[in-house]
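**Q** Below is a structure I'd like to ask you about.
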Amino acid sequence: MSIRTIKETDWDAIMQIQSDAYASHLHEDLTVLKSKWTASPTSCFVFTNRDSRVLGYLLAHPWSGEQAPKLGEAVVIDTSYSEVYLHDLAISGDARGLGIARQLILHFIIAMQNFGCQRLLLTAVQDSASFWHLYGFSSLEHISVCPSYGQGAKLMVLTIQAHSKLHSK
């Protein structure tokens with residue numbers, strides 16, 4: 001089992017996992033999901049088993065400000081890593097409970113620290129705020145979330161310590 005960046009051949013599995021993991025009003029089309037990956041391929045990951053089957057994915061992209069991107073809209077390429085929006089984390093139904101989400105989240109946080117990121121934002125949907133609290137995310141109660149995320153959605157933030165980049169000569 002391993003975590004790696006997303007490849008073009010992963011998208012059928014990602015779309016199937018999204019379909020199984022989320023209520024239909026939260027489904028986004030392939031073009032929209034791929035825009036996150038195109039904007040920032042180094043912050044988008046899959047978890048695969050020994051047979052290279054995708055069991056989970058995490059999509060994230062650089063973002064600025066304290067408003068969540070609208071659901072269903074493509075993002076524009078931005079190479080800045082001071083803030084990153086964790087757009088989506090989903091695990092295949094037959095792989096839930098195996099610790100895959102935890103591994104993806106921790107891998108993501110370390111990768112973003114290494115890129116110099118200082119804040120991670122996300123929108124907790126489907127009553128998942130308590131899950132994200134386990135990883136240190138806190139709710140930004142004073143900021144409203146686009147209604148497309150569904151009732152009870154919460155914008156959340158995690159401030160992280162960016163690692164200084166070492167340059168070798």
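Ligands are numbered from 1 in the order shown, residues from 1 within each chain, and chains are lettered A, B, ... in the order they appear in the structure tokens.
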Need the shell around range 34-47 of chain A: protein/DNA/RNA residues with any atom at most 9 Å away, counting only C-alpha atoms. Skip same-chain ones fewer than 2 positions apart. Format as a ChimeraX atom specification?

**A** /A:1-7,10-11,14,29-32,49,52-62,73-79,84,86-87,91,100-101,103-104,107-108,111-112

**Q** What are the DSSP helix (DSSP H, G or I) residues of chain A, as a compact mmCIF listing (two decimals) with N, CA, C and O atoms, in the first residue's frame?

**A**
```
# COMPACT_ATOMS: atom_id res chain seq x y z
N GLU A 8 -3.11 10.33 -14.56
CA GLU A 8 -4.26 10.40 -15.47
C GLU A 8 -5.12 9.13 -15.40
O GLU A 8 -6.35 9.20 -15.46
N THR A 9 -4.50 8.00 -15.22
CA THR A 9 -5.22 6.72 -15.21
C THR A 9 -6.03 6.48 -13.93
O THR A 9 -6.78 5.51 -13.85
N ASP A 10 -5.91 7.37 -12.94
CA ASP A 10 -6.62 7.20 -11.67
C ASP A 10 -8.05 7.75 -11.69
O ASP A 10 -8.82 7.49 -10.76
N TRP A 11 -8.40 8.52 -12.70
CA TRP A 11 -9.65 9.29 -12.63
C TRP A 11 -10.93 8.46 -12.62
O TRP A 11 -11.90 8.83 -11.96
N ASP A 12 -10.96 7.33 -13.30
CA ASP A 12 -12.17 6.50 -13.25
C ASP A 12 -12.43 6.04 -11.81
O ASP A 12 -13.56 6.10 -11.32
N ALA A 13 -11.38 5.61 -11.13
CA ALA A 13 -11.52 5.15 -9.73
C ALA A 13 -11.90 6.32 -8.83
O ALA A 13 -12.76 6.17 -7.94
N ILE A 14 -11.30 7.49 -9.03
CA ILE A 14 -11.63 8.66 -8.22
C ILE A 14 -13.10 9.03 -8.38
O ILE A 14 -13.80 9.29 -7.39
N MET A 15 -13.59 9.03 -9.60
CA MET A 15 -15.00 9.37 -9.84
C MET A 15 -15.94 8.36 -9.18
O MET A 15 -16.97 8.74 -8.64
N GLN A 16 -15.57 7.09 -9.21
CA GLN A 16 -16.40 6.06 -8.57
C GLN A 16 -16.41 6.24 -7.06
O GLN A 16 -17.45 6.14 -6.42
N ILE A 17 -15.26 6.52 -6.48
CA ILE A 17 -15.18 6.73 -5.03
C ILE A 17 -15.99 7.96 -4.63
O ILE A 17 -16.73 7.93 -3.65
N GLN A 18 -15.88 9.05 -5.41
CA GLN A 18 -16.67 10.25 -5.12
C GLN A 18 -18.16 9.91 -5.12
O GLN A 18 -18.90 10.30 -4.22
N SER A 19 -18.59 9.17 -6.11
CA SER A 19 -20.00 8.80 -6.25
C SER A 19 -20.49 8.00 -5.04
O SER A 19 -21.61 8.20 -4.56
N ASP A 20 -19.64 7.11 -4.54
CA ASP A 20 -20.02 6.27 -3.41
C ASP A 20 -19.95 7.01 -2.07
O ASP A 20 -20.68 6.68 -1.14
N ALA A 21 -19.06 8.00 -1.97
CA ALA A 21 -18.79 8.64 -0.68
C ALA A 21 -19.68 9.82 -0.36
O ALA A 21 -19.89 10.13 0.81
N SER A 24 -25.51 13.01 -3.59
CA SER A 24 -25.48 13.41 -5.00
C SER A 24 -25.33 14.92 -5.20
O SER A 24 -24.72 15.35 -6.18
N HIS A 25 -25.84 15.75 -4.29
CA HIS A 25 -25.72 17.20 -4.48
C HIS A 25 -24.27 17.68 -4.30
O HIS A 25 -23.94 18.81 -4.66
N LEU A 26 -23.39 16.81 -3.80
CA LEU A 26 -21.99 17.17 -3.62
C LEU A 26 -21.09 16.64 -4.75
O LEU A 26 -19.91 16.92 -4.77
N LEU A 30 -16.03 15.50 -13.76
CA LEU A 30 -14.62 15.20 -13.96
C LEU A 30 -13.79 16.44 -14.27
O LEU A 30 -12.69 16.61 -13.73
N THR A 31 -14.31 17.32 -15.09
CA THR A 31 -13.58 18.54 -15.46
C THR A 31 -13.27 19.38 -14.23
O THR A 31 -12.16 19.90 -14.09
N VAL A 32 -14.23 19.52 -13.35
CA VAL A 32 -14.04 20.32 -12.14
C VAL A 32 -13.01 19.67 -11.22
O VAL A 32 -12.10 20.34 -10.72
N LEU A 33 -13.13 18.37 -11.00
CA LEU A 33 -12.17 17.69 -10.13
C LEU A 33 -10.76 17.75 -10.72
O LEU A 33 -9.79 18.01 -10.01
N LYS A 34 -10.66 17.52 -12.01
CA LYS A 34 -9.34 17.57 -12.65
C LYS A 34 -8.72 18.97 -12.57
O LYS A 34 -7.50 19.10 -12.56
N SER A 35 -9.54 20.00 -12.51
CA SER A 35 -8.99 21.36 -12.43
C SER A 35 -8.19 21.54 -11.14
O SER A 35 -7.20 22.28 -11.11
N LYS A 36 -8.60 20.88 -10.07
CA LYS A 36 -7.86 20.95 -8.81
C LYS A 36 -6.48 20.32 -8.99
O LYS A 36 -5.46 20.85 -8.54
N TRP A 37 -6.45 19.19 -9.65
CA TRP A 37 -5.22 18.46 -9.91
C TRP A 37 -4.32 19.24 -10.87
O TRP A 37 -3.11 19.35 -10.64
N THR A 38 -4.90 19.80 -11.90
CA THR A 38 -4.12 20.59 -12.86
C THR A 38 -3.53 21.83 -12.20
O THR A 38 -2.39 22.21 -12.46
N ALA A 39 -4.29 22.44 -11.30
CA ALA A 39 -3.82 23.64 -10.60
C ALA A 39 -2.67 23.32 -9.66
O ALA A 39 -1.81 24.16 -9.44
N PRO A 41 -0.77 19.65 -9.03
CA PRO A 41 -0.59 18.19 -9.01
C PRO A 41 0.22 17.69 -7.82
O PRO A 41 0.08 16.54 -7.42
N THR A 42 1.02 18.55 -7.21
CA THR A 42 1.84 18.12 -6.07
C THR A 42 1.09 18.12 -4.75
O THR A 42 1.65 17.73 -3.72
N SER A 43 -0.19 18.54 -4.76
CA SER A 43 -0.98 18.49 -3.53
C SER A 43 -2.22 17.60 -3.68
O SER A 43 -3.16 17.70 -2.90
N GLY A 93 -15.67 2.61 -0.24
CA GLY A 93 -16.52 2.01 0.77
C GLY A 93 -15.95 0.74 1.36
O GLY A 93 -16.05 0.50 2.58
N ASP A 94 -15.30 -0.08 0.55
CA ASP A 94 -14.75 -1.34 1.06
C ASP A 94 -13.40 -1.17 1.76
O ASP A 94 -12.84 -2.13 2.28
N ALA A 95 -12.89 0.07 1.81
CA ALA A 95 -11.60 0.33 2.46
C ALA A 95 -11.75 1.24 3.69
O ALA A 95 -10.76 1.58 4.33
N ILE A 100 -6.88 4.68 6.19
CA ILE A 100 -6.40 5.30 4.95
C ILE A 100 -6.58 6.81 5.00
O ILE A 100 -5.67 7.56 4.59
N ALA A 101 -7.70 7.29 5.50
CA ALA A 101 -7.92 8.74 5.58
C ALA A 101 -6.84 9.38 6.43
O ALA A 101 -6.25 10.40 6.05
N ARG A 102 -6.55 8.79 7.57
CA ARG A 102 -5.51 9.32 8.46
C ARG A 102 -4.17 9.39 7.74
O ARG A 102 -3.46 10.40 7.83
N GLN A 103 -3.80 8.33 7.04
CA GLN A 103 -2.52 8.32 6.33
C GLN A 103 -2.47 9.39 5.26
O GLN A 103 -1.46 10.08 5.09
N LEU A 104 -3.55 9.55 4.51
CA LEU A 104 -3.60 10.59 3.47
C LEU A 104 -3.50 11.99 4.08
O LEU A 104 -2.76 12.84 3.56
N ILE A 105 -4.22 12.22 5.16
CA ILE A 105 -4.20 13.55 5.80
C ILE A 105 -2.81 13.89 6.33
O ILE A 105 -2.30 14.98 6.10
N LEU A 106 -2.19 12.96 7.03
CA LEU A 106 -0.86 13.22 7.58
C LEU A 106 0.17 13.42 6.47
O LEU A 106 1.03 14.29 6.56
N HIS A 107 0.08 12.62 5.42
CA HIS A 107 0.97 12.78 4.26
C HIS A 107 0.79 14.17 3.64
O HIS A 107 1.77 14.86 3.34
N PHE A 108 -0.44 14.57 3.49
CA PHE A 108 -0.77 15.87 2.92
C PHE A 108 -0.22 17.01 3.78
O PHE A 108 0.41 17.94 3.27
N ILE A 109 -0.43 16.94 5.09
CA ILE A 109 0.04 18.01 5.98
C ILE A 109 1.56 18.15 5.90
O ILE A 109 2.09 19.26 5.76
N ILE A 110 2.27 17.03 5.93
CA ILE A 110 3.74 17.08 5.83
C ILE A 110 4.18 17.64 4.48
O ILE A 110 5.08 18.47 4.41
N ALA A 111 3.52 17.21 3.41
CA ALA A 111 3.87 17.72 2.07
C ALA A 111 3.65 19.22 1.99
O ALA A 111 4.49 19.95 1.44
N MET A 112 2.56 19.71 2.57
CA MET A 112 2.28 21.15 2.51
C MET A 112 3.27 21.93 3.39
O MET A 112 3.68 23.03 3.02
N GLN A 113 3.67 21.38 4.51
CA GLN A 113 4.71 22.02 5.32
C GLN A 113 6.00 22.15 4.51
O GLN A 113 6.65 23.19 4.53
N ASN A 114 6.35 21.09 3.79
CA ASN A 114 7.57 21.10 2.99
C ASN A 114 7.50 22.09 1.84
O ASN A 114 8.55 22.55 1.37
N ALA A 129 -17.32 17.78 10.66
CA ALA A 129 -16.49 18.72 11.43
C ALA A 129 -15.78 18.03 12.58
O ALA A 129 -14.60 18.30 12.84
N SER A 130 -16.44 17.14 13.30
CA SER A 130 -15.80 16.47 14.44
C SER A 130 -14.62 15.61 13.97
O SER A 130 -13.61 15.50 14.67
N PHE A 131 -14.74 15.01 12.80
CA PHE A 131 -13.63 14.24 12.22
C PHE A 131 -12.42 15.15 12.00
O PHE A 131 -11.30 14.82 12.38
N TRP A 132 -12.65 16.32 11.41
CA TRP A 132 -11.55 17.24 11.11
C TRP A 132 -10.97 17.86 12.38
O TRP A 132 -9.78 18.17 12.42
N HIS A 133 -11.77 18.00 13.43
CA HIS A 133 -11.26 18.48 14.71
C HIS A 133 -10.16 17.55 15.24
O HIS A 133 -9.22 18.00 15.89
N PRO A 147 -24.08 27.81 -0.04
CA PRO A 147 -25.15 26.83 0.19
C PRO A 147 -25.00 25.53 -0.61
O PRO A 147 -25.56 24.51 -0.23
N SER A 148 -24.22 25.54 -1.69
CA SER A 148 -24.05 24.33 -2.49
C SER A 148 -23.39 23.19 -1.71
O SER A 148 -23.52 22.04 -2.09
N TYR A 149 -22.70 23.51 -0.62
CA TYR A 149 -22.06 22.48 0.19
C TYR A 149 -23.06 21.73 1.08
O TYR A 149 -22.71 20.72 1.67
```

**Q** Skipping near chain neighbours, those fewer than 3 positions away, what residues fall within 9 Å of Cys146 in chain A using only C-alpha atoms, listed as a PyMOL selection string?

**A** chain A and resi 67-71+149-150+153

**Q** Please measure the separation of CA of Thr123 in chain A and CA of Lys154 in chain A, giving the value in Å to one decimal.

**A**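 Interatomic distance, CA of Thr123 in chain A to CA of Lys154 in chain A: 5.4 Å.
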
**Q** Determine, counting only C-alpha atoms, which protein, DNA and RNA residues have an atom within 7 Å of an atom of range 156-160 of chain A; residues of the same chain fewer than 2 positions away are not included. Present the result as number ranges by chain.

**A** A: 113, 118-124, 136-140, 154, 162

**Q** Write the residues of the preceding selection, restricted to C-alpha atoms, as a compact mmCIF listing (two decimals), in the first residue's frame.

**A**
```txt
# COMPACT_ATOMS: atom_id res chain seq x y z
CA GLN A 113 4.71 22.02 5.32
CA GLN A 118 1.14 28.08 6.50
CA ARG A 119 -2.62 27.44 6.54
CA LEU A 120 -4.92 24.68 5.37
CA LEU A 121 -8.58 25.37 4.74
CA LEU A 122 -11.45 22.99 4.04
CA THR A 123 -15.21 22.83 4.10
CA ALA A 124 -16.53 20.08 6.36
CA GLY A 136 -6.46 20.06 14.64
CA PHE A 137 -8.80 21.91 12.30
CA SER A 138 -11.02 24.53 13.91
CA SER A 139 -14.26 25.98 12.62
CA LEU A 140 -14.42 29.51 11.26
CA LYS A 154 -18.46 24.52 8.04
CA ALA A 162 6.02 25.70 7.31
```

**Q** What are the DSSP strand (DSSP E) residues of range 76-161 of chain A, as a count of residues only?

**A** 23
